[in-house]
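Have a look at my_file37.json below; it lists JSON, C-alpha atoms and all ligand atoms.
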```
[["chain", "number", "residue", "atom", "x", "y", "z"],
["A", 1, "MET", "CA", -146.42, 0.90, 99.22],
["A", 2, "LEU", "CA", -144.14, -0.27, 102.01],
["A", 3, "ARG", "CA", -140.81, -1.62, 100.78],
["A", 4, "ILE", "CA", -139.92, -4.47, 103.10],
["A", 5, "ALA", "CA", -136.62, -6.25, 103.74],
["A", 6, "VAL", "CA", -136.70, -9.53, 105.65],
["A", 7, "LEU", "CA", -133.63, -10.94, 107.38],
["A", 8, "ALA", "CA", -133.93, -14.67, 108.06],
["A", 9, "SER", "CA", -131.59, -17.54, 108.87],
["A", 10, "GLY", "CA", -133.93, -20.48, 108.53],
["A", 11, "SER", "CA", -137.00, -21.88, 106.88],
["A", 12, "GLY", "CA", -138.79, -18.56, 106.67],
["A", 13, "THR", "CA", -142.40, -19.47, 107.37],
["A", 14, "ASN", "CA", -142.84, -16.01, 108.88],
["A", 15, "LEU", "CA", -141.35, -14.48, 105.73],
["A", 16, "GLN", "CA", -143.90, -16.50, 103.76],
["A", 17, "SER", "CA", -146.72, -15.10, 105.87],
["A", 18, "ILE", "CA", -145.62, -11.58, 104.93],
["A", 19, "ILE", "CA", -145.23, -12.46, 101.24],
["A", 20, "ASP", "CA", -148.69, -14.05, 101.20],
["A", 21, "ALA", "CA", -150.25, -11.03, 102.89],
["A", 22, "CYS", "CA", -148.61, -8.70, 100.37],
["A", 23, "GLU", "CA", -149.85, -10.80, 97.48],
["A", 24, "SER", "CA", -153.39, -11.01, 98.85],
["A", 25, "GLY", "CA", -153.53, -7.26, 99.48],
["A", 26, "GLN", "CA", -153.69, -7.54, 103.29],
["A", 27, "ILE", "CA", -150.38, -5.67, 103.39],
["A", 28, "ASP", "CA", -149.95, -2.61, 101.23],
["A", 29, "GLY", "CA", -146.33, -3.48, 100.56],
["A", 30, "LYS", "CA", -143.84, -5.77, 98.93],
["A", 31, "VAL", "CA", -140.95, -7.86, 100.15],
["A", 32, "VAL", "CA", -138.23, -6.53, 97.87],
["A", 33, "LEU", "CA", -135.22, -7.97, 99.68],
["A", 34, "VAL", "CA", -134.43, -11.12, 101.65],
["A", 35, "VAL", "CA", -131.04, -11.38, 103.32],
["A", 36, "SER", "CA", -129.70, -14.47, 105.01],
["A", 37, "ASN", "CA", -126.45, -15.30, 106.73],
["A", 38, "ASN", "CA", -127.14, -18.96, 105.93],
["A", 39, "GLU", "CA", -126.59, -20.01, 102.36],
["A", 40, "ASP", "CA", -128.98, -22.95, 102.72],
["A", 41, "ALA", "CA", -131.83, -21.00, 104.30],
["A", 42, "PHE", "CA", -135.08, -21.93, 102.59],
["A", 43, "ALA", "CA", -136.08, -18.29, 103.19],
["A", 44, "LEU", "CA", -133.83, -17.31, 100.27],
["A", 45, "GLU", "CA", -135.73, -19.60, 97.93],
["A", 46, "ARG", "CA", -139.08, -18.32, 99.15],
["A", 47, "GLY", "CA", -137.92, -14.76, 98.52],
["A", 48, "SER", "CA", -136.59, -15.25, 95.02],
["A", 49, "LYS", "CA", -139.63, -17.30, 94.04],
["A", 50, "HIS", "CA", -141.79, -14.29, 94.87],
["A", 51, "GLY", "CA", -139.79, -11.59, 93.14],
["A", 52, "ALA", "CA", -137.57, -10.40, 95.98],
["A", 53, "GLU", "CA", -133.86, -10.10, 95.61],
["A", 54, "ALA", "CA", -132.45, -12.89, 97.78],
["A", 55, "VAL", "CA", -128.94, -12.36, 99.04],
["A", 56, "PHE", "CA", -126.67, -14.59, 101.08],
["A", 57, "ILE", "CA", -124.17, -12.62, 103.13],
["A", 58, "ASP", "CA", -121.76, -14.82, 105.02],
["A", 59, "HIS", "CA", -120.91, -13.66, 108.53],
["A", 60, "ARG", "CA", -118.11, -16.11, 109.09],
["A", 61, "GLY", "CA", -114.58, -14.87, 109.46],
["A", 62, "LYS", "CA", -115.38, -11.17, 109.65],
["A", 63, "PRO", "CA", -116.07, -8.70, 112.45],
["A", 64, "ARG", "CA", -119.74, -8.28, 113.30],
["A", 65, "GLU", "CA", -119.87, -4.69, 112.10],
["A", 66, "GLU", "CA", -118.25, -5.51, 108.77],
["A", 67, "HIS", "CA", -120.96, -8.09, 108.13],
["A", 68, "GLU", "CA", -123.62, -5.58, 109.10],
["A", 69, "LYS", "CA", -122.18, -3.00, 106.71],
["A", 70, "GLU", "CA", -122.58, -5.48, 103.87],
["A", 71, "VAL", "CA", -126.21, -6.07, 104.91],
["A", 72, "ALA", "CA", -126.74, -2.30, 105.20],
["A", 73, "ALA", "CA", -125.41, -1.77, 101.67],
["A", 74, "GLU", "CA", -128.12, -4.09, 100.36],
["A", 75, "ILE", "CA", -130.78, -2.37, 102.44],
["A", 76, "ASP", "CA", -129.69, 1.08, 101.30],
["A", 77, "GLY", "CA", -129.61, -0.08, 97.69],
["A", 78, "HIS", "CA", -133.27, -1.13, 97.87],
["A", 79, "ASP", "CA", -134.84, 1.95, 99.41],
["A", 80, "ILE", "CA", -136.28, -0.03, 102.32],
["A", 81, "ASP", "CA", -138.97, 1.32, 104.67],
["A", 82, "LEU", "CA", -139.17, -1.55, 107.16],
["A", 83, "ILE", "CA", -136.72, -4.29, 108.16],
["A", 84, "VAL", "CA", -138.27, -7.46, 109.58],
["A", 85, "LEU", "CA", -136.20, -10.00, 111.47],
["A", 86, "ALA", "CA", -137.91, -13.35, 111.05],
["A", 87, "GLY", "CA", -135.80, -16.05, 112.60],
["A", 88, "TYR", "CA", -132.58, -14.11, 112.05],
["A", 89, "LEU", "CA", -130.03, -15.71, 114.32],
["A", 90, "ARG", "CA", -127.58, -12.82, 114.56],
["A", 91, "MET", "CA", -127.31, -10.22, 117.28],
["A", 92, "LEU", "CA", -127.27, -6.72, 115.88],
["A", 93, "THR", "CA", -124.80, -4.09, 117.05],
["A", 94, "SER", "CA", -125.75, -0.57, 118.02],
["A", 95, "TYR", "CA", -124.24, 0.55, 114.69],
["A", 96, "PHE", "CA", -126.96, -1.23, 112.74],
["A", 97, "VAL", "CA", -129.77, -0.59, 115.21],
["A", 98, "SER", "CA", -129.12, 3.15, 115.37],
["A", 99, "LYS", "CA", -128.66, 3.46, 111.60],
["A", 100, "TYR", "CA", -132.18, 2.08, 111.15],
["A", 101, "LYS", "CA", -133.76, 3.59, 114.26],
["A", 102, "ASN", "CA", -137.46, 2.69, 114.68],
["A", 103, "MET", "CA", -137.30, 0.73, 111.42],
["A", 104, "ILE", "CA", -136.45, -2.81, 112.58],
["A", 105, "ILE", "CA", -138.94, -5.24, 114.07],
["A", 106, "ASN", "CA", -138.54, -8.82, 115.28],
["A", 107, "ILE", "CA", -140.92, -11.66, 115.98],
["A", 108, "HIS", "CA", -140.29, -13.63, 119.17],
["A", 109, "PRO", "CA", -142.12, -16.84, 120.12],
["A", 110, "ALA", "CA", -143.09, -15.87, 123.68],
["A", 111, "LEU", "CA", -144.87, -13.17, 125.63],
["A", 112, "LEU", "CA", -142.06, -10.70, 126.15],
["A", 113, "PRO", "CA", -140.68, -9.52, 128.51],
["A", 114, "ARG", "CA", -140.94, -13.14, 129.66],
["A", 115, "PHE", "CA", -138.62, -15.66, 128.02],
["A", 116, "GLY", "CA", -136.51, -13.26, 126.02],
["A", 117, "GLY", "CA", -132.86, -12.27, 125.97],
["A", 118, "LYS", "CA", -129.57, -13.89, 125.11],
["A", 119, "GLY", "CA", -129.81, -17.60, 124.28],
["A", 120, "MET", "CA", -133.62, -17.55, 124.25],
["A", 121, "HIS", "CA", -134.42, -18.77, 120.78],
["A", 122, "GLY", "CA", -135.95, -21.78, 119.08],
["A", 123, "GLN", "CA", -136.94, -24.70, 121.25],
["A", 124, "LYS", "CA", -135.25, -23.21, 124.31],
["A", 125, "VAL", "CA", -138.02, -20.65, 124.59],
["A", 126, "HIS", "CA", -140.76, -23.25, 124.61],
["A", 127, "GLU", "CA", -138.83, -25.50, 127.02],
["A", 128, "ALA", "CA", -138.49, -22.56, 129.41],
["A", 129, "VAL", "CA", -142.20, -21.78, 129.17],
["A", 130, "LEU", "CA", -143.12, -25.40, 129.94],
["A", 131, "ASP", "CA", -140.64, -25.52, 132.85],
["A", 132, "SER", "CA", -142.11, -22.34, 134.29],
["A", 133, "GLY", "CA", -145.57, -23.81, 134.66],
["A", 134, "ASP", "CA", -147.14, -20.80, 132.94],
["A", 135, "GLU", "CA", -150.63, -21.47, 131.67],
["A", 136, "GLU", "CA", -150.24, -19.37, 128.57],
["A", 137, "SER", "CA", -147.66, -18.41, 126.03],
["A", 138, "GLY", "CA", -147.77, -16.59, 122.72],
["A", 139, "CYS", "CA", -145.75, -14.40, 120.44],
["A", 140, "SER", "CA", -144.56, -10.82, 120.40],
["A", 141, "VAL", "CA", -143.53, -8.40, 117.70],
["A", 142, "HIS", "CA", -141.23, -5.74, 119.07],
["A", 143, "LEU", "CA", -139.01, -2.95, 117.94],
["A", 144, "VAL", "CA", -135.38, -3.99, 117.75],
["A", 145, "THR", "CA", -133.02, -2.01, 119.95],
["A", 146, "ALA", "CA", -129.49, -2.80, 121.09],
["A", 147, "GLU", "CA", -130.90, -4.82, 123.98],
["A", 148, "ILE", "CA", -131.76, -8.35, 122.83],
["A", 149, "ASP", "CA", -135.55, -8.83, 122.81],
["A", 150, "GLY", "CA", -135.76, -5.69, 124.94],
["A", 151, "GLY", "CA", -137.32, -3.11, 122.60],
["A", 152, "PRO", "CA", -140.89, -1.89, 123.00],
["A", 153, "VAL", "CA", -143.54, -4.52, 122.28],
["A", 154, "ILE", "CA", -145.82, -3.52, 119.39],
["A", 155, "GLY", "CA", -148.23, -6.44, 119.37],
["A", 156, "GLN", "CA", -148.79, -9.82, 121.03],
["A", 157, "MET", "CA", -151.05, -12.82, 120.60],
["A", 158, "ARG", "CA", -151.69, -15.45, 123.23],
["A", 159, "VAL", "CA", -152.16, -19.22, 123.22],
["A", 160, "PRO", "CA", -152.96, -21.59, 126.07],
["A", 161, "VAL", "CA", -150.38, -24.07, 127.31],
["A", 162, "MET", "CA", -152.13, -27.46, 127.21],
["A", 163, "PRO", "CA", -151.62, -30.44, 129.52],
["A", 164, "GLY", "CA", -149.16, -32.83, 127.87],
["A", 165, "ASP", "CA", -147.59, -30.12, 125.71],
["A", 166, "THR", "CA", -144.06, -30.72, 124.47],
["A", 167, "PRO", "CA", -141.81, -27.94, 123.14],
["A", 168, "ASP", "CA", -142.85, -29.09, 119.64],
["A", 169, "THR", "CA", -146.60, -28.94, 120.20],
["A", 170, "LEU", "CA", -146.35, -25.58, 121.94],
["A", 171, "GLN", "CA", -144.11, -24.22, 119.20],
["A", 172, "ALA", "CA", -146.62, -25.26, 116.52],
["A", 173, "ARG", "CA", -149.48, -23.53, 118.37],
["A", 174, "VAL", "CA", -147.43, -20.35, 118.81],
["A", 175, "LEU", "CA", -146.21, -20.38, 115.20],
["A", 176, "GLU", "CA", -149.78, -20.33, 113.90],
["A", 177, "LYS", "CA", -150.31, -17.08, 115.78],
["A", 178, "GLU", "CA", -146.98, -15.67, 114.57],
["A", 179, "HIS", "CA", -148.24, -16.01, 111.03],
["A", 180, "ILE", "CA", -151.29, -13.91, 111.92],
["A", 181, "LEU", "CA", -149.59, -11.33, 114.11],
["A", 182, "LEU", "CA", -146.58, -10.47, 111.96],
["A", 183, "PRO", "CA", -148.50, -9.47, 108.80],
["A", 184, "LEU", "CA", -150.91, -7.50, 110.96],
["A", 185, "VAL", "CA", -148.11, -5.46, 112.52],
["A", 186, "VAL", "CA", -146.39, -4.95, 109.16],
["A", 187, "GLN", "CA", -149.64, -3.52, 107.80],
["A", 188, "TRP", "CA", -149.83, -1.16, 110.80],
["A", 189, "PHE", "CA", -146.45, 0.17, 109.66],
["A", 190, "ALA", "CA", -147.72, 0.46, 106.09],
["A", 191, "GLU", "CA", -150.62, 2.54, 107.40],
["A", 192, "GLY", "CA", -148.34, 4.70, 109.55],
["A", 193, "ARG", "CA", -150.12, 3.67, 112.74],
["A", 194, "VAL", "CA", -147.02, 2.84, 114.82],
["A", 195, "ARG", "CA", -145.14, 5.47, 116.81],
["A", 196, "PHE", "CA", -142.53, 5.24, 119.50],
["A", 197, "VAL", "CA", -142.78, 7.63, 122.41],
["A", 198, "ASP", "CA", -140.63, 7.50, 125.56],
["A", 199, "GLY", "CA", -139.53, 3.94, 124.87],
["A", 200, "LYS", "CA", -143.07, 2.68, 124.31],
["A", 201, "ALA", "CA", -144.88, 1.67, 121.15],
["A", 202, "ILE", "CA", -148.14, 3.44, 120.45],
["A", 203, "VAL", "CA", -150.43, 1.87, 117.89],
["A", 204, "ASP", "CA", -153.19, 4.11, 116.60],
["A", 205, "ILE", "CA", -155.85, 1.53, 116.09],
["A", 206, "GLU", "CA", -159.43, 1.36, 117.23],
["A", 207, "ASP", "CA", -160.33, -2.25, 116.79],
["A", 208, "ILE", "CA", -157.68, -4.90, 117.30],
["A", 209, "GLN", "CA", -158.80, -8.37, 116.26],
["A", 210, "GLY", "CA", -157.52, -11.64, 117.63],
["B", 301, "LIG", "C1", -140.01, -18.18, 114.82],
["B", 301, "LIG", "O1", -140.40, -18.99, 115.88],
["B", 301, "LIG", "C2", -139.77, -16.78, 115.30],
["B", 301, "LIG", "O2", -140.59, -16.42, 116.36],
["B", 301, "LIG", "C3", -138.34, -16.83, 115.76],
["B", 301, "LIG", "O3", -137.69, -17.69, 114.85],
["B", 301, "LIG", "C4", -138.64, -18.58, 114.28],
["B", 301, "LIG", "C5", -138.53, -18.45, 112.79],
["B", 301, "LIG", "O4", -139.32, -19.40, 112.12],
["B", 301, "LIG", "N1", -137.78, -15.52, 115.85],
["B", 301, "LIG", "P1", -139.48, -19.32, 110.55],
["B", 301, "LIG", "O5", -138.10, -19.41, 109.92],
["B", 301, "LIG", "O6", -140.15, -18.03, 110.22],
["B", 301, "LIG", "O7", -140.31, -20.50, 110.20]]
```

Can you give me the file's structure in the form of structure tokens?
Ligand code: GRF
Amino acid sequence: MLRIAVLASGSGTNLQSIIDACESGQIDGKVVLVVSNNEDAFALERGSKHGAEAVFIDHRGKPREEHEKEVAAEIDGHDIDLIVLAGYLRMLTSYFVSKYKNMIINIHPALLPRFGGKGMHGQKVHEAVLDSGDEESGCSVHLVTAEIDGGPVIGQMRVPVMPGDTPDTLQARVLEKEHILLPLVVQWFAEGRVRFVDGKAIVDIEDIQG
């Protein structure tokens, strides 16, 4: 059984999709830890309601690495196999990323490598997609490395951009796919299907749905 930690700063609908998939048996795992740097994050409530330890770790007024060491202490205390960033609005230093090499994944609401990098989060992503004139968008789950949104992509799902879309309507369409893709990728980890070779993700899977 995969022991999962989720780091989230906001409402945590992606966290919920993982919890639901664990409870339904789609994921052979359990969310045992939820960490947030935002005391009011609804993600904390979702976690504790479903049996995870939910911990608020304030980042304010301390060096980035000190905050990360506090997060790492929680992770190490829970024997975690996979760390999922789901709307976690903190950049991670190379200290944290190398300590948990090949163990941290993130969900991003666009088709990386397009529309990723510093400052590309929330509505800004969808605004940029609409401004670009692209006819499709989607979501990506990727390995977290020291480069923001730059680690190898493990899985993606696509959606069309529709005439008349606003950032809100596009976000809602993408979010639906996020809730399908993220549990799928987490289960690939549970099954040991994901490997990283020469900076690329290799997924040993014969039949990818979606
Ligand atoms: C999602 O759009 C995700 O792609 C991004 O942050 C958002 C988190 O949403 N990284 P939620 O808190 O899971 O609802």

How big is the axis-aligned box, and where does its centre sit, when it encloses all atoms of ligand LIG 301 (chain B) listed in the file and has 3 Å added on every side, reported in Å to one decimal as lines of an AutoDock Vina configuration file?
```
center_x = -139.1
center_y = -18.0
center_z = 113.1
size_x = 8.9
size_y = 11.0
size_z = 12.4
```

What are the nearest atom pairs, with distances in Å to one decimal, for all residues of chain A that come at most 8 Å from ligand LIG 301 (chain B), using only C-alpha atoms and all ligand atoms, set out by chain and rising residue number as CSV?
```
residue,atom,partner,partner_atom,distance
A:Ala8,CA,B:LIG301,O5,6.6
A:Ser9,CA,B:LIG301,O5,6.9
A:Gly10,CA,B:LIG301,O5,4.5
A:Ser11,CA,B:LIG301,O5,4.1
A:Gly12,CA,B:LIG301,O5,3.4
A:Thr13,CA,B:LIG301,O7,3.7
A:Asn14,CA,B:LIG301,O6,3.6
A:Leu15,CA,B:LIG301,O6,5.8
A:Gln16,CA,B:LIG301,O6,7.6
A:Ala43,CA,B:LIG301,O5,7.1
A:Leu85,CA,B:LIG301,N1,7.2
A:Ala86,CA,B:LIG301,O6,5.3
A:Gly87,CA,B:LIG301,O3,3.4
A:Tyr88,CA,B:LIG301,N1,6.6
A:Leu89,CA,B:LIG301,N1,7.9
A:Asn106,CA,B:LIG301,N1,6.8
A:Ile107,CA,B:LIG301,O2,4.8
A:His108,CA,B:LIG301,O2,4.0
A:Pro109,CA,B:LIG301,O2,4.1
A:Ala110,CA,B:LIG301,O2,7.8
A:His121,CA,B:LIG301,C3,6.7
A:Gly122,CA,B:LIG301,O3,6.1
A:Cys139,CA,B:LIG301,O2,6.9
A:Ser140,CA,B:LIG301,O2,8.0
A:Gln171,CA,B:LIG301,O1,7.2
A:Val174,CA,B:LIG301,O1,7.7
A:Leu175,CA,B:LIG301,O1,6.0
A:Glu178,CA,B:LIG301,O2,6.7
```

I need the chosen residues saved as a JSON list (two decimals), in the frame of the given file, with C-alpha atoms.
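Saved the output as selection05.json:
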```json
[["chain", "number", "residue", "atom", "x", "y", "z"],
["A", 8, "ALA", "CA", -133.93, -14.67, 108.06],
["A", 9, "SER", "CA", -131.59, -17.54, 108.87],
["A", 10, "GLY", "CA", -133.93, -20.48, 108.53],
["A", 11, "SER", "CA", -137.00, -21.88, 106.88],
["A", 12, "GLY", "CA", -138.79, -18.56, 106.67],
["A", 13, "THR", "CA", -142.40, -19.47, 107.37],
["A", 14, "ASN", "CA", -142.84, -16.01, 108.88],
["A", 15, "LEU", "CA", -141.35, -14.48, 105.73],
["A", 16, "GLN", "CA", -143.90, -16.50, 103.76],
["A", 43, "ALA", "CA", -136.08, -18.29, 103.19],
["A", 85, "LEU", "CA", -136.20, -10.00, 111.47],
["A", 86, "ALA", "CA", -137.91, -13.35, 111.05],
["A", 87, "GLY", "CA", -135.80, -16.05, 112.60],
["A", 88, "TYR", "CA", -132.58, -14.11, 112.05],
["A", 89, "LEU", "CA", -130.03, -15.71, 114.32],
["A", 106, "ASN", "CA", -138.54, -8.82, 115.28],
["A", 107, "ILE", "CA", -140.92, -11.66, 115.98],
["A", 108, "HIS", "CA", -140.29, -13.63, 119.17],
["A", 109, "PRO", "CA", -142.12, -16.84, 120.12],
["A", 110, "ALA", "CA", -143.09, -15.87, 123.68],
["A", 121, "HIS", "CA", -134.42, -18.77, 120.78],
["A", 122, "GLY", "CA", -135.95, -21.78, 119.08],
["A", 139, "CYS", "CA", -145.75, -14.40, 120.44],
["A", 140, "SER", "CA", -144.56, -10.82, 120.40],
["A", 171, "GLN", "CA", -144.11, -24.22, 119.20],
["A", 174, "VAL", "CA", -147.43, -20.35, 118.81],
["A", 175, "LEU", "CA", -146.21, -20.38, 115.20],
["A", 178, "GLU", "CA", -146.98, -15.67, 114.57]]
```

May I have the residues within 7 Å of Val153 (chain A) as a PDB file with C-alpha atoms, keeping the file's coordinate frame, using only C-alpha atoms and disregarding those fewer than 2 positions away in the same chain?
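In the end it all went to part07.pdb:
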```pdb
ATOM      1  CA  SER A 140    -144.560 -10.820 120.400  1.00  0.00           C
ATOM      2  CA  VAL A 141    -143.530  -8.400 117.700  1.00  0.00           C
ATOM      3  CA  HIS A 142    -141.230  -5.740 119.070  1.00  0.00           C
ATOM      4  CA  LEU A 143    -139.010  -2.950 117.940  1.00  0.00           C
ATOM      5  CA  GLY A 151    -137.320  -3.110 122.600  1.00  0.00           C
ATOM      6  CA  GLY A 155    -148.230  -6.440 119.370  1.00  0.00           C
ATOM      7  CA  ALA A 201    -144.880   1.670 121.150  1.00  0.00           C
TER       8      ALA A 201
END
```

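In this model, the gap between CA of Glu68 (chain A) and CA of Phe96 (chain A) comes to 6.6 Å.
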
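Computed from the coordinates, the CA of Ala72 (chain A) to CA of Met120 (chain A) distance equals 25.4 Å.
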
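Closest approach to Ser36 (chain A) among A:Arg114, A:Lys99, A:His67, A:Arg193 is made by A:His67 (distances from all atoms listed in the file).
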